[in-house]
Amino acid sequence: MRSVGGNRDFWAGLMFAGIGGAAMFIARNYPFGTTLRMGPGYFPQVLGGLLLLFGLYVMARGLRRSERIKGPWSVRALIALPLAMVLFGILMGSLGFIPALAALIFLSAAAGREFKFVEVLWLALLLTLLSVSLFVWGLGLPYPLIKLP
Amino acid sequence: MEMFQHLFFGFSVALSIQNLLYCFIGCLLGTLIGVLPGIGPLATIAMLMPITFNLPAVSALIMLAGIFYGAQYGGSTTAILVNLPGETSAVVTCMDGYQMARQGRAGVALAIAAVGSFFAGTFCTMLIALFGPPIAEMALKFNSPEYFSLMLMGLVAAAVLAQGDMAKSLAMVTLGLLLGSVGTDVDSGWARFSFDIIELTDGIGFVVVAIGVFAVGEIVSNLGEAEERQVFTSKVGTLFPTVEDVKRSIGPIIRGTLLGAFFGVLPGTGPAIASFSSYMVEKKVAKDPSRFGHGAIEGVAGPESANNADAQCKFIPMLTLGIPASGTMALMLGALMIHGIAPGPTVMTKNPDLFWGLIASMWVGNLMLVLLNLPLIGLWVSLLKVPYRLLFPAIMVFSSIGIYSVNNSPFDIYLTAAFGLLGFLWLKLECPPAPLMLGFVLGPMMEENLRRALLISRGDPTIFLRRPISLGFVVATVLIVVLMAAPVMRKKRGSITG
């Protein structure tokens, strides 16, 4: 048997089984109820069990066929894009719309392979102007443009 | 004729200045974003959806529908001009469309695609107007057991008939249902899977999942791949087909429309299957099949009509039964619910303006696409030259503002980021995200109907088999699974989609 490192279906199955199992574990204390009166735990427990079974099946099949995961992993984007969104969320509350946008745009752009500072600066200006006029002035969303601490 | 009366009423809604404007904006925005390579209709709709939340329900749905056709049409434009399929259904259009473009006939290909789509759109509008009401009326007699079985059939069929791996699709549906159960249980008030996070007691936002998986996840995945600079013909040439072109296209357009309409009402059979089958049929009936792949206009006219007919007819089960037959329809259904409209057969009686207005607007929208897009081809061509490194930050900006604007909550943004990561992971592991979306949207309704059905039957689960209509759905579900799991069919499926 080849290593499971890049085994696509093994990991997919493991993910399903893991989530299913975790859901069942978390929902273990939710009242299950009876078939006549389903409690809040009924549906999640059943679904969790189903997912666990699907996961085990996919995992077993993966071990048998061992198909590889294809394509490159965009590690850079994988880190930069979620980080950009989180930063946007934090700055919206603390510093205001424009700083949040600036952070989002610059960090997002850094996720790509090419990063030309001047180009990104122009892009940031353009997108900020567009967003402010569309969302704040146009649709009237109540976001302060810049909040002074 | 009652149908024309209804349609007339629908047009009075769709042709109001306000709705006409939203239809126009929708078509324009949809095409604008759909043209951009690497952004499919699902990502486009997900991204633009929050903008429509401030509108009245009718206008919002009209605009979303416009975005949907626009995005699809934009995808065909990209397929023809750059040989870059934005989604699987456009792969077919690439084959002969791009060849036509290389021969300097891009304009003709685009024009025929537009006319074919318009014809398909007109046909399907009539079809919905004709069959929508009887289907909805029949469904009005349904009770919880029937609904539960119907939803089960819809979900299973959508997962099983879709391209790709059946087991993983079913697992994704289940995962979607499970995600749908996050939040306060309506029946008992119990907070499920909320981990003491106050935001999670309201459940996971629909837009959060949609944008996270379809927009952010896709961007992460696209960034991993090397940016290909496509050489394409900026010379579009004349828009007007010759008499010969028209003669060749009439048959394929009609056949494509019929095929597309047929596949359209089946759940899960995305536009890819409709356009592939249309291409096959045209190649079979052609006198000289060798022309295909070298710029045969039939190879553009048929599939383009088929995929538009398919897309349009997917509205039938969504509007009349509340069953989304594709990822896009799941988004539409979600939008409906956000506007406080309970999906199902009652939409037609309780919100006739929405039902008929939306149907009429489909025709208006298709007409707009023809009138709007052909003269604007120059604009789309120049858009195609914008490199991806400038596009994706813009998508991130609109997505993030969109999500934030729904609840003004930073938590939603964090959750979207997490779903973006998951979406990327699912793409890598080849777990199809559309079935997840279907399960997520239908989950709460399914649980509610299951609960009620079992209450009616005093806890006896055989109720689903004792009621004839429900039994029919259950039998159909089992049949679909058995048929598709059979090795013969599996091979065939592989050859169509692979």
# chains A, B, ... in the order shown; residues from 1 in each chain; ligands from 1
call {"tool": "residues_around", "arguments": {"residues": "Tyr57 (chain A)", "least_positions_apart": "6", "cutoff": "10 Å", "atoms": "only C-alpha atoms", "output": "list in words"}}
result
Asp9, Phe10, Gly13, Leu14, Phe16, Ala17 and Leu51 of chain A; Ala167 and Lys168 of chain B
call {"tool": "residues_around", "arguments": {"residues": "Asn7 (chain A)", "least_positions_apart": "5", "cutoff": "6 Å", "atoms": "only C-alpha atoms", "output": "PyMOL selection string"}}
result
chain A and resi 66-68
call {"tool": "closest_residue", "arguments": {"among": "A:Leu139, A:Ala84, A:Ala12, A:Ile105", "to": "Val58 (chain A)", "atoms": "only C-alpha atoms"}}
result
A:Ala12
call {"tool": "atom_distance", "arguments": {"atom1": "CA of Leu55 (chain B)", "atom2": "CA of Tyr404 (chain B)"}}
result
17.0 Å
call {"tool": "select_by_dssp", "arguments": {"residues": "region 1-126 of chain A", "states": "alpha helix (DSSP H)", "output": "ChimeraX atom specification"}}
result
/A:8-26,42-65,75-94,97-109,117-126
call {"tool": "residues_around", "arguments": {"residues": "Gly89 (chain A)", "least_positions_apart": "4", "cutoff": "12 Å", "atoms": "only C-alpha atoms", "output": "ChimeraX atom specification"}}
result
/A:82-85,93-97,99-101,103-104 /B:397,400-401,403-405,408-417
call {"tool": "residues_around", "arguments": {"residues": "Met445 (chain B)", "least_positions_apart": "5", "cutoff": "9 Å", "atoms": "only C-alpha atoms", "output": "MDAnalysis selection string"}}
result
chainID B and resid 148 151 450
call {"tool": "closest_residue", "arguments": {"among": "B:Gly107, B:Pro352, B:Gly299, B:Gly176", "to": "Gly48 (chain A)", "atoms": "only C-alpha atoms"}}
result
B:Gly176
call {"tool": "closest_residue", "arguments": {"among": "A:Leu36, A:Leu63, A:Ala102, A:Ile26", "to": "Leu145 (chain A)", "atoms": "only C-alpha atoms"}}
result
A:Ala102
call {"tool": "closest_residue", "arguments": {"among": "B:Ala394, B:Leu61, B:Ala157, B:Leu239", "to": "chain A", "atoms": "only C-alpha atoms"}}
result
B:Ala394
call {"tool": "closest_residue", "arguments": {"among": "A:Gly20, A:Trp11, A:Leu129, A:Trp137", "to": "Ile69 (chain A)", "atoms": "only C-alpha atoms"}}
result
A:Trp11
call {"tool": "closest_residue", "arguments": {"among": "A:Leu125, A:Leu56, A:Ala22, A:Leu47", "to": "chain B", "atoms": "only C-alpha atoms"}}
result
A:Leu47
call {"tool": "closest_atom_pairs", "arguments": {"of": "chain B", "to": "chain A", "cutoff": "7 Å", "atoms": "only C-alpha atoms", "output": "CSV"}}
result
residue,atom,partner,partner_atom,distance
B:Ala167,CA,A:Phe54,CA,6.8
B:Ala171,CA,A:Phe54,CA,5.8
B:Thr174,CA,A:Leu51,CA,6.2
B:Leu175,CA,A:Leu51,CA,6.8
B:Leu178,CA,A:Pro44,CA,6.2
B:Ser181,CA,A:Pro44,CA,6.9
B:Asp185,CA,A:Pro40,CA,6.2
B:Ser188,CA,A:Pro40,CA,6.5
B:Trp190,CA,A:Pro40,CA,6.5
B:Val220,CA,A:Ala77,CA,5.5
B:Ser221,CA,A:Ser74,CA,6.8
B:Leu223,CA,A:Gly112,CA,6.2
B:Gly224,CA,A:Ser74,CA,4.2
B:Glu225,CA,A:Pro72,CA,6.9
B:Arg389,CA,A:Gly112,CA,6.2
B:Pro393,CA,A:Ser108,CA,5.5
B:Ala394,CA,A:Leu127,CA,6.8
B:Val397,CA,A:Ile105,CA,6.9
B:Ser400,CA,A:Met85,CA,6.9
B:Pro410,CA,A:Gly89,CA,4.5
B:Ile413,CA,A:Gly89,CA,6.0
B:Tyr414,CA,A:Val86,CA,5.5
B:Ala417,CA,A:Pro82,CA,4.7
B:Leu421,CA,A:Leu78,CA,6.9
B:Lys428,CA,A:Ile69,CA,6.5
B:Leu429,CA,A:Arg8,CA,5.4
B:Glu447,CA,A:Phe43,CA,6.8
B:Arg451,CA,A:Met38,CA,6.1
B:Leu454,CA,A:Leu36,CA,5.6
B:Leu455,CA,A:Leu36,CA,5.4
B:Arg458,CA,A:Leu36,CA,5.4
B:Gly459,CA,A:Leu36,CA,3.6
call {"tool": "residues_around", "arguments": {"residues": "Arg102 (chain B)", "least_positions_apart": "2", "cutoff": "9 Å", "atoms": "only C-alpha atoms", "output": "VMD selection string"}}
result
chain B and resid 81 97 to 100 104 to 106 232 to 233 295
call {"tool": "write_last_selection", "arguments": {"atoms": "C-alpha atoms", "output": "PDB file, in the first residue's frame"}}
result
ATOM      1  CA  LEU B  81     -13.380  34.642 -27.274  1.00  0.00           C
ATOM      2  CA  GLY B  97     -17.072  28.728 -30.634  1.00  0.00           C
ATOM      3  CA  TYR B  98     -13.388  29.382 -30.186  1.00  0.00           C
ATOM      4  CA  GLN B  99     -12.631  27.900 -33.580  1.00  0.00           C
ATOM      5  CA  MET B 100     -15.145  30.288 -35.109  1.00  0.00           C
ATOM      6  CA  GLY B 104     -12.657  35.810 -37.467  1.00  0.00           C
ATOM      7  CA  ARG B 105     -16.286  34.864 -36.879  1.00  0.00           C
ATOM      8  CA  ALA B 106     -16.490  35.532 -33.129  1.00  0.00           C
ATOM      9  CA  PHE B 232      -7.250  35.885 -28.139  1.00  0.00           C
ATOM     10  CA  THR B 233      -8.732  37.540 -31.090  1.00  0.00           C
ATOM     11  CA  GLY B 295     -15.949  26.019 -36.148  1.00  0.00           C
TER      12      GLY B 295
END
call {"tool": "atom_distance", "arguments": {"atom1": "CA of Leu152 (chain B)", "atom2": "CA of Leu42 (chain B)"}}
result
23.1 Å
